[in-house]
Amino acid sequence: MEDSASHSSVDSADYVVVNGEPKLRLPGSESIKDLEKKMTEMINESKEVQTSEDKDVEEEISPTTTGPTGKSESTGDETYTKDESGTKNIPVNEVRKDVGKSMFYSADIRRPRSLTSPVKTPEDFGNPWELQSDSVPTIPKLPSDQCTFFNGVTYLGCAMVNAPRSELEIARIMQILNEQSQMSIPVTLSIPNYSQGIVRLLEPNTNNEISYYRINRILFCARGGQDSKERQCFAYTCSHGDSPQSVILQCHVFRCDIADAVGKILYCFATSFKKVPRGSISSSLENNVFQFEVSLELKEDEGKGSYVTCPKDRNSAVFKLRANLEKSVVITVQQVSNTDLRIERCFGVLLCPGRNVKHSDMHLIDMVSMGMSTDGRSYVISGDWNPNDQNFTVLNVETPRDTKVFFTVAADLVIDGIQEPVRFQVEARAKIFPMTERFWVFNKKPHKETFSLTLEEVDTDQGTTTFKVVNLESQTEIDRKKQQLRLNLTPSQSADGAVTPGDDDSDNSDDPLPSGSGTVSKEVTDEELLEQWDQTLKKWYQNMAQRPKSVQQLSRRGIPEALRGEVWQLLSGCHDNSEMMEAYRILITKEYANEGVIQRDIYRTFPGHDYFKDSGGMGQESLFKLSKAYSIYDEEVGYIQGITFIGAALLLHMPEEQAFSVMVKVMFEYGLRDMFRHDFEHLHLKFFQLERLMQDMMPDLYSHFMDLGLEAHMYASQWFLTLFTAKFPLFMVYHILDIYLTEGSNIIFNVALALLKSNRKDLLPLDFEGVLKYFRVQLPKKHRTENSVKELLHIATGLKVSARKLKKYEKEYIAVKQAQLQDEDPLERYERENKRLMDTNMRLDQENDDLATELVSSKISLRSDLDIAEDKVDIMSKELSVTKKSLTEVTEEKARLENEAGKLKEMCRRELEKAEQTTRRNDAIIAEYKTICTQLSERLEKQAVNYKEELAKIKNQIQKCDACSQLVSGSGEFKCINLPEADLSPEIMEMKRNIRELELELAQTKLALVESECKVQDLTHNLGSVTSELNESKNTWFHKTLNSIKDATSKKD
C-alpha cells in the first residue's frame, strides 16, 4: 500500500525517520521561543475521553479525577486536560511540527495494558529529545507505541464500494468527491504507528474526536494520480458492521492542503499496517499453544433472497444438502485458551470435495463478508458457494441411499503478530438430496472442530517480536493418530512402551497412493523373453499387415520397458502416422476455451513421478499440450479429466507426436471415447455388465455390495475411464496397457474381476465406508510389487469373459432400461427427455455459435486476406506502370544508342577507308623509294666498276710512263708525292675534279638511301599503330554494347 512517493517524501529535509518512526526536526526559521509557545498551547488543548475499549482498564492505569473546568489534573506521570464541558481528553505528552499548512505530531496515546504484558520500564522507551536551550524544558521520553497527527486535511466524504481493493474504483470515487463534494470538513487526522491502533478524525480547533476507524478494519489505501487533479487526495476503504449480514464497505476520501503530505500519510499507514508492538502477544506465556474452536455452518438459498440453515442428521454430523441451490458457507473462529490473538482479516474461503486433500486441490469461493461478531469474542467469515461450478460437481449430484460424501472447507486468516497466514481446514460429511426435498426432523447446530496452534517467538531486525507457526492440528487428526497408534501396537514393542515400526507401516495410513508412483526398471532380467520379442519384432516388420500370433502370449507376460514405446505404437497401428503427427503440430498452436481446466488437472496427474511433479516443468508442459491437442481434435467429446492419466503414461514412453497418435487410436478404435458420450450411457452399460459378471462369478460379494447399497460406479468409474492409470502403481498400469492394446477393451472386465476376486475376503467384512476406503487406499497399495501384479494379471487372463456373454448382458441392460421407461411416470420421462433435448439443443446452439463465430472469423480473415491481396495488386500495378515507363525509356534509349552506333559505324568506316587509303599511298611511296634506291644502288655499282676500270687504266698508263711511274708503287697503290699543281696537267686536274664530284655524289646518294629507309620504318610503324587501334576499337565495351543491342533487335524482329 506504499506509493512511490512515500519514502522519498519522508527523506525530505523537514521530516526525518528515527527507528522507523517519524520524528520532529527543528527548522532553522523557527525560534526556540516560538516552539516553547506552541508547546505551551498544546499542553492546554483539550482532548476527548478514551474510547469505550479503554474504559475497562481505566482503574488500573489510575485515571484522573474530576477537577475544575479548564484545569489540568494529574495522576502518576500522566497529565490530562478538560474542556469547558468537563470532558476529559487524551494525554498531552506530544510535540507538533509545522510543514506548510500541515502540522505533524508525535503523541503518547494511552492504550489499555494487557493483563499478561509486563509493566514497561524506562529502558523500553525511546531516546529522549532534547532542545539545545536552557529556557526550554526537556521533552519527556516517548514510548514506542506512538501515533502521528496531520493538520490541513479535509474530509471530502465517503461512498459505498463493491471492490474495496480496486484502485480503479477508488480513483473513480476520489474524482467524484473531489469535484462534487458538498460536505467538506477540515479535520486533524491521527494515524497510529502500530497495527492495533485506531485512526481518528479530530476537530482542528478543539481536538474533539469526530470519528474513528480501527486499523484492522481498513482494507486498502490509495492516492490520486500525480498528474491529475486528485494529486492532493488520498482514500482508504473500510468495513463497517459487526456481523456478516450487516457489513458495509465504504471508501473514505480526504484532501491535503499540500501534495507532499499525501506521501507522508500513506507512509504512516504502511507503518501501522506492518508494525506489531512488542507485547501485543505476550512473550511471557507458560506455553505457546493456542486453542481455537472453528464452527462450520451451511445455508441454502430458498429463492426468496434469504438463506436457511442446512440441517444435519439427528444422530450424526452429516449435513443434508439439496442439489442445484445456491449455498452460503459461514465459518466462525473463536479462541478458547491462552492469550487472545487478534485476527486482522481473512484472505479467502476455500472448498474442495473429499478429505485429506492437499492445499493445491482447494478451490476459492466468493467471500461475502468478514469481521468480528457482535460480542467481539469470535471472528465470522461468510462466502457464497456456486453449486454449478465444475469443481463442486460431486457435491451437487444426488447421493444414493446410505451414501455420504466428504467435503473440506478452509479459511486463511491473517493473525496479528504471526508471520504467515494460518489455514483452518475443517472436514465434514454431507448427503445430497433432490432440490424439492423437505426436511422435517433436523439438527441446526453447527459443525465444530477444535484446533491446536503451536507458535514460536521470533525477533525481527526492526526490534519487534513476531511468531511463526510450528504446528496446527485439529482434534480429529489427533484422535486419528492415537487410533492408528493403538492399531499398530504389536508384541514386538519394547519394554518402555515404544512401538517398533514394521515394513508395512505405510500401508496402514489413510493416505491414498499418489498416481504415478512406483519405479519401472529398464533392465531386462529375462533374457529369453527379450530374445522372443526380438524375433517377433523382426518377423512383424517383415509383414506389417499381419500381427504375429506370438504377440498376445508375450504381451501377457509383459513387454520389456525398453521396447514398450515401440511395441505400443505397433499394437495401435500408428508406428508411421506422419499425417497425425503433422496435425498435432498444428493443433497445439490453436486456442482452446478450457485451457484453465486442463492446467488445473495437470497438477493432479502423476504427482508421484519426478517427470510430472514440478509445476511448469517439461513433463507438465508436454502433458498440457497433448491434452489440449486432443480436446481440439475431438470436438464432440472435448476435454475429459481421465485423458491426462493415459496421456502421462504414453509420454513416459514416446515423444508428444507419437503419444498423440496412440491416444487418438485408443479413444476412437478401442472405443474409450464412447464412455463419455450420450450422458455416459455406454459407461453405465459397462457397470451393469460388471455387476452381472460379479453375480455369476462371486455371488456372495455381489450380495454384500447390494446390501450395502454399493454400486459399481462408486468404485469402478476410474477403472473404465482411465484404464487403471489414476490410482495404481506404474508397473501394474504399464502391464495392463500391454494387454489392453493387444486384446482390446474387454480386458478391463478381466482385471476388475481379478481385483474383486483376489480381495474378496478383505471386502466381505467391511461396511459401506470401509469398502470405499479399501478401494481408494488399500487396494492400490497391495499391488506395488512385481510379483503381486503378475499374480493378479495371471488371474485376470485366466478368467473367461466371452463377447457373447457381454452381448447377452447388453441385451438385458437394454431390456431393463426399456422396462424402466415403461414403468416410469410419463411426466418424468417427458421431463427427462425434455432435459436431454434441451441439453442437446444447448450443445447444438453452442456448436452453432462456435460455427458462427468461426464463420465470422473466417470471413474476417478472408476479408483481411482480400484486403492484403488488393493492396498487393495495387502495389504490383504501380510497379507494372513503373516498369512499363522504364521499358519505354529503355526502348527510347536503345533507339538513341542504335542511332549513335550507326553514326559511329559510319565514322569508323570512313576512318578505316582513310587509313586504308593512307596505307596504300604509303605502300606506293615505299615501293617508289625502294625502286629509286635500287636504281641508285645499281648506278652506284656501275660507277664504282667504271671507276675501278678507269683507275686501273690510269695506273697502267702511269706505270708505262717513266716520269709518272714513281707515283705508283709495286703493289699498285699510289704514292703521295707532293707535286705542285702547276706541274700537273690539265687532264689530271680534270680527273681529280671528276673524282671529287663522284665521291660527293656517292655520299649524297648514300645519305638519300638512309633517309628513305628511315621514312619506310616510320611508315611501317604508323601502319602497325593504326592496325592495333582498329583491333582494339572492335573489343571496347561500347562496341560490345552495340553488338548486344544489335542482337536483341535482330531477335525481337
# chains A, B, ... in the order shown; residues from 1 in each chain; ligands from 1
>>> residues_around(residues="Leu792 of chain A", least_positions_apart="2", cutoff="9 Å", atoms="only C-alpha atoms", output="NGL selection string")
:A and (751 or 754-755 or 758 or 783 or 787-790 or 794-797)
>>> residues_around(residues="segment 721-726 of chain A", least_positions_apart="6", cutoff="10 Å", atoms="only C-alpha atoms", output="PyMOL selection string")
chain A and resi 513-516+604-606+640-649+672-673+675-676+683+732-734+736-737+740+745+747-748+751-752+780
>>> closest_residue(among="A:His1021, A:Lys264, A:Lys229, A:His704", to="Thr919 of chain A", atoms="only C-alpha atoms")
A:His1021
>>> closest_residue(among="A:Ser881, A:Asn594, A:Thr436, A:Asn388", to="Glu302 of chain A", atoms="only C-alpha atoms")
A:Thr436
>>> closest_residue(among="A:Glu892, A:Glu691, A:Asp511, A:Asp1018", to="Tyr774 of chain A", atoms="only C-alpha atoms")
A:Asp511
>>> residues_around(residues="Val414 of chain A", least_positions_apart="2", cutoff="10 Å", atoms="only C-alpha atoms", output="PyMOL selection string")
chain A and resi 342-347+411-412+416-423
>>> residues_around(residues="segment 348-365 of chain A", least_positions_apart="6", cutoff="10 Å", atoms="only C-alpha atoms", output="VMD selection string")
chain A and resid 328 to 331 381 to 386 389 391 to 395 405 to 413 423 to 429 510 to 512 600 to 601 603 to 604
>>> select_by_dssp(residues="segment 215-361 of chain A", states="helix (DSSP H, G or I)", output="list in words")
Ile215, Asn216, Arg217, Asp260, Ala261, Val262, Gly263, Lys264, Ile265, Leu266, Tyr267, Cys268, Phe269, Ala270, Thr271, Ser272, Phe273, Lys274, His359, Ser360 and Asp361 of chain A
>>> write_last_selection(atoms="C-alpha atoms", output="PDB file, in the first residue's frame")
ATOM      1  CA  ILE A 215      -6.630  -0.237  11.633  1.00  0.00           C
ATOM      2  CA  ASN A 216      -7.694  -3.885  11.289  1.00  0.00           C
ATOM      3  CA  ARG A 217     -10.900  -2.715   9.557  1.00  0.00           C
ATOM      4  CA  ASP A 260       3.726  16.364  -0.189  1.00  0.00           C
ATOM      5  CA  ALA A 261       1.721  15.424   2.874  1.00  0.00           C
ATOM      6  CA  VAL A 262      -0.099  12.669   0.941  1.00  0.00           C
ATOM      7  CA  GLY A 263       3.052  10.591   0.677  1.00  0.00           C
ATOM      8  CA  LYS A 264       3.791  11.049   4.381  1.00  0.00           C
ATOM      9  CA  ILE A 265       0.263   9.989   5.325  1.00  0.00           C
ATOM     10  CA  LEU A 266       0.443   6.829   3.214  1.00  0.00           C
ATOM     11  CA  TYR A 267       3.838   6.062   4.705  1.00  0.00           C
ATOM     12  CA  CYS A 268       2.322   6.270   8.191  1.00  0.00           C
ATOM     13  CA  PHE A 269      -0.472   3.950   7.106  1.00  0.00           C
ATOM     14  CA  ALA A 270       2.068   1.466   5.740  1.00  0.00           C
ATOM     15  CA  THR A 271       3.965   1.590   9.031  1.00  0.00           C
ATOM     16  CA  SER A 272       0.826   0.972  11.043  1.00  0.00           C
ATOM     17  CA  PHE A 273      -0.129  -1.996   8.851  1.00  0.00           C
ATOM     18  CA  LYS A 274       3.255  -3.677   9.287  1.00  0.00           C
ATOM     19  CA  HIS A 359      -3.680 -27.316  -0.276  1.00  0.00           C
ATOM     20  CA  SER A 360      -3.330 -27.138  -4.064  1.00  0.00           C
ATOM     21  CA  ASP A 361      -6.618 -29.031  -4.516  1.00  0.00           C
TER      22      ASP A 361
END
>>> closest_residue(among="A:Leu1019, A:Met544, A:Leu1030, A:Leu202", to="Leu570 of chain A", atoms="only C-alpha atoms")
A:Met544
>>> residues_around(residues="segment 621-636 of chain A", least_positions_apart="5", cutoff="9 Å", atoms="only C-alpha atoms", output="JSON, numbers by chain")
{"A": [583, 584, 585, 586, 587, 588, 589, 590, 591, 592, 594, 595, 598, 599, 602, 612, 615, 616, 643, 644, 647, 648, 651, 655, 656, 657, 659, 660, 663, 664, 677]}
>>> write_last_selection(atoms="N, CA, C and O atoms", output="CSV table (one decimal), in the first residue's frame")
chain,number,residue,atom,x,y,z
A,583,ALA,N,-0.8,-33.1,-37.9
A,583,ALA,CA,-2.0,-32.5,-37.3
A,583,ALA,C,-1.7,-32.0,-35.9
A,583,ALA,O,-2.2,-31.0,-35.5
A,584,TYR,N,-1.0,-32.8,-35.2
A,584,TYR,CA,-0.7,-32.4,-33.8
A,584,TYR,C,0.1,-31.1,-33.7
A,584,TYR,O,-0.2,-30.3,-32.9
A,585,ARG,N,1.1,-31.0,-34.6
A,585,ARG,CA,1.9,-29.8,-34.6
A,585,ARG,C,1.0,-28.5,-34.9
A,585,ARG,O,1.3,-27.4,-34.5
A,586,ILE,N,-0.1,-28.7,-35.7
A,586,ILE,CA,-1.0,-27.6,-36.0
A,586,ILE,C,-1.9,-27.3,-34.8
A,586,ILE,O,-2.2,-26.2,-34.4
A,587,LEU,N,-2.4,-28.4,-34.2
A,587,LEU,CA,-3.4,-28.3,-33.1
A,587,LEU,C,-2.8,-27.6,-31.9
A,587,LEU,O,-3.6,-26.8,-31.2
A,588,ILE,N,-1.6,-27.8,-31.6
A,588,ILE,CA,-1.0,-27.2,-30.3
A,588,ILE,C,-0.9,-25.7,-30.5
A,588,ILE,O,-0.7,-25.0,-29.5
A,589,THR,N,-1.0,-25.2,-31.7
A,589,THR,CA,-0.9,-23.7,-31.9
A,589,THR,C,-2.2,-23.0,-31.8
A,589,THR,O,-2.2,-21.8,-31.8
A,590,LYS,N,-3.3,-23.8,-31.7
A,590,LYS,CA,-4.6,-23.2,-31.6
A,590,LYS,C,-5.0,-22.9,-30.2
A,590,LYS,O,-4.4,-23.4,-29.3
A,591,GLU,N,-6.0,-22.0,-30.1
A,591,GLU,CA,-6.5,-21.6,-28.7
A,591,GLU,C,-7.6,-22.6,-28.3
A,591,GLU,O,-8.4,-23.1,-29.2
A,592,TYR,N,-7.8,-22.8,-27.0
A,592,TYR,CA,-8.8,-23.7,-26.5
A,592,TYR,C,-9.5,-23.0,-25.3
A,592,TYR,O,-8.7,-22.5,-24.4
A,594,ASN,N,-11.1,-24.1,-22.6
A,594,ASN,CA,-10.9,-24.7,-21.3
A,594,ASN,C,-9.5,-25.0,-20.9
A,594,ASN,O,-9.2,-26.0,-20.2
A,595,GLU,N,-8.6,-24.2,-21.4
A,595,GLU,CA,-7.2,-24.4,-21.0
A,595,GLU,C,-6.9,-24.3,-19.5
A,595,GLU,O,-6.1,-25.0,-19.0
A,598,ILE,N,-7.8,-27.6,-18.0
A,598,ILE,CA,-6.7,-28.6,-18.3
A,598,ILE,C,-5.5,-28.3,-17.4
A,598,ILE,O,-4.9,-29.3,-16.8
A,599,GLN,N,-5.1,-27.1,-17.2
A,599,GLN,CA,-4.0,-26.7,-16.4
A,599,GLN,C,-4.2,-27.2,-14.9
A,599,GLN,O,-3.3,-27.6,-14.3
A,602,ILE,N,-3.7,-30.9,-14.6
A,602,ILE,CA,-2.3,-31.3,-14.9
A,602,ILE,C,-1.6,-31.5,-13.6
A,602,ILE,O,-0.8,-32.4,-13.4
A,612,PHE,N,6.6,-35.3,-13.8
A,612,PHE,CA,5.4,-34.5,-13.8
A,612,PHE,C,5.2,-33.7,-12.5
A,612,PHE,O,4.2,-32.9,-12.4
A,615,SER,N,5.9,-28.0,-11.0
A,615,SER,CA,5.0,-27.1,-11.6
A,615,SER,C,5.7,-26.3,-12.7
A,615,SER,O,6.7,-25.7,-12.5
A,616,GLY,N,5.1,-26.3,-13.9
A,616,GLY,CA,5.7,-25.6,-15.0
A,616,GLY,C,6.9,-26.3,-15.7
A,616,GLY,O,7.5,-25.8,-16.5
A,643,ILE,N,-8.3,-38.3,-19.4
A,643,ILE,CA,-7.4,-38.4,-20.5
A,643,ILE,C,-6.0,-38.0,-20.1
A,643,ILE,O,-5.0,-38.5,-20.7
A,644,THR,N,-5.8,-37.2,-19.1
A,644,THR,CA,-4.5,-36.8,-18.7
A,644,THR,C,-3.6,-37.9,-18.1
A,644,THR,O,-2.4,-38.0,-18.3
A,647,GLY,N,-2.5,-40.0,-21.1
A,647,GLY,CA,-1.5,-39.2,-21.8
A,647,GLY,C,-0.2,-39.2,-21.1
A,647,GLY,O,0.9,-39.3,-21.7
A,648,ALA,N,-0.2,-39.2,-19.8
A,648,ALA,CA,1.0,-39.2,-19.0
A,648,ALA,C,1.7,-40.5,-19.1
A,648,ALA,O,3.0,-40.6,-19.3
A,651,LEU,N,3.4,-40.5,-22.6
A,651,LEU,CA,4.5,-39.6,-22.7
A,651,LEU,C,5.8,-40.1,-22.0
A,651,LEU,O,6.9,-39.7,-22.4
A,655,PRO,N,7.7,-39.6,-27.7
A,655,PRO,CA,7.5,-38.2,-27.9
A,655,PRO,C,6.0,-37.8,-28.0
A,655,PRO,O,5.1,-38.6,-28.1
A,656,GLU,N,5.8,-36.5,-27.9
A,656,GLU,CA,4.5,-36.0,-27.9
A,656,GLU,C,3.7,-36.4,-29.2
A,656,GLU,O,2.5,-36.7,-29.1
A,657,GLU,N,4.3,-36.3,-30.4
A,657,GLU,CA,3.5,-36.5,-31.6
A,657,GLU,C,3.1,-38.0,-31.6
A,657,GLU,O,1.9,-38.3,-31.9
A,659,ALA,N,2.7,-40.0,-29.0
A,659,ALA,CA,1.7,-40.2,-27.9
A,659,ALA,C,0.4,-39.7,-28.4
A,659,ALA,O,-0.7,-40.3,-28.0
A,660,PHE,N,0.3,-38.6,-29.1
A,660,PHE,CA,-1.0,-38.1,-29.6
A,660,PHE,C,-1.6,-39.1,-30.6
A,660,PHE,O,-2.8,-39.4,-30.5
A,663,MET,N,-3.0,-42.0,-28.6
A,663,MET,CA,-4.1,-41.6,-27.8
A,663,MET,C,-5.4,-41.6,-28.7
A,663,MET,O,-6.5,-42.0,-28.3
A,664,VAL,N,-5.2,-41.0,-29.9
A,664,VAL,CA,-6.4,-41.0,-30.8
A,664,VAL,C,-6.8,-42.4,-31.2
A,664,VAL,O,-8.1,-42.7,-31.2
A,677,ARG,N,-19.8,-40.3,-24.1
A,677,ARG,CA,-20.8,-39.7,-24.9
A,677,ARG,C,-22.2,-40.1,-24.4
A,677,ARG,O,-22.4,-41.1,-23.7
>>> atom_distance(atom1="atom CA of Ile170 of chain A", atom2="atom CA of Gln250 of chain A")
10.0 Å
>>> closest_residue(among="A:Thr1027, A:Asn396, A:Asn178, A:Ser877", to="Ala430 of chain A", atoms="only C-alpha atoms")
A:Asn396
>>> residues_around(residues="Glu293 of chain A", least_positions_apart="4", cutoff="9 Å", atoms="only C-alpha atoms", output="list in words")
Thr332, Val333, Gln334, Gln335, Val336, Lys448, Glu449, Thr450 and Phe451 of chain A
>>> atom_distance(atom1="atom CA of Leu571 of chain A", atom2="atom CA of Leu799 of chain A")
22.7 Å
>>> closest_residue(among="A:Ser239, A:Gly573, A:Pro446, A:Glu900", to="Gln546 of chain A", atoms="only C-alpha atoms")
A:Gly573
>>> residues_around(residues="segment 1000-1008 of chain A", least_positions_apart="2", cutoff="10 Å", atoms="only C-alpha atoms", output="number ranges by chain")
A: 929, 932-933, 936-937, 939-940, 943-944, 994-998, 1010-1014
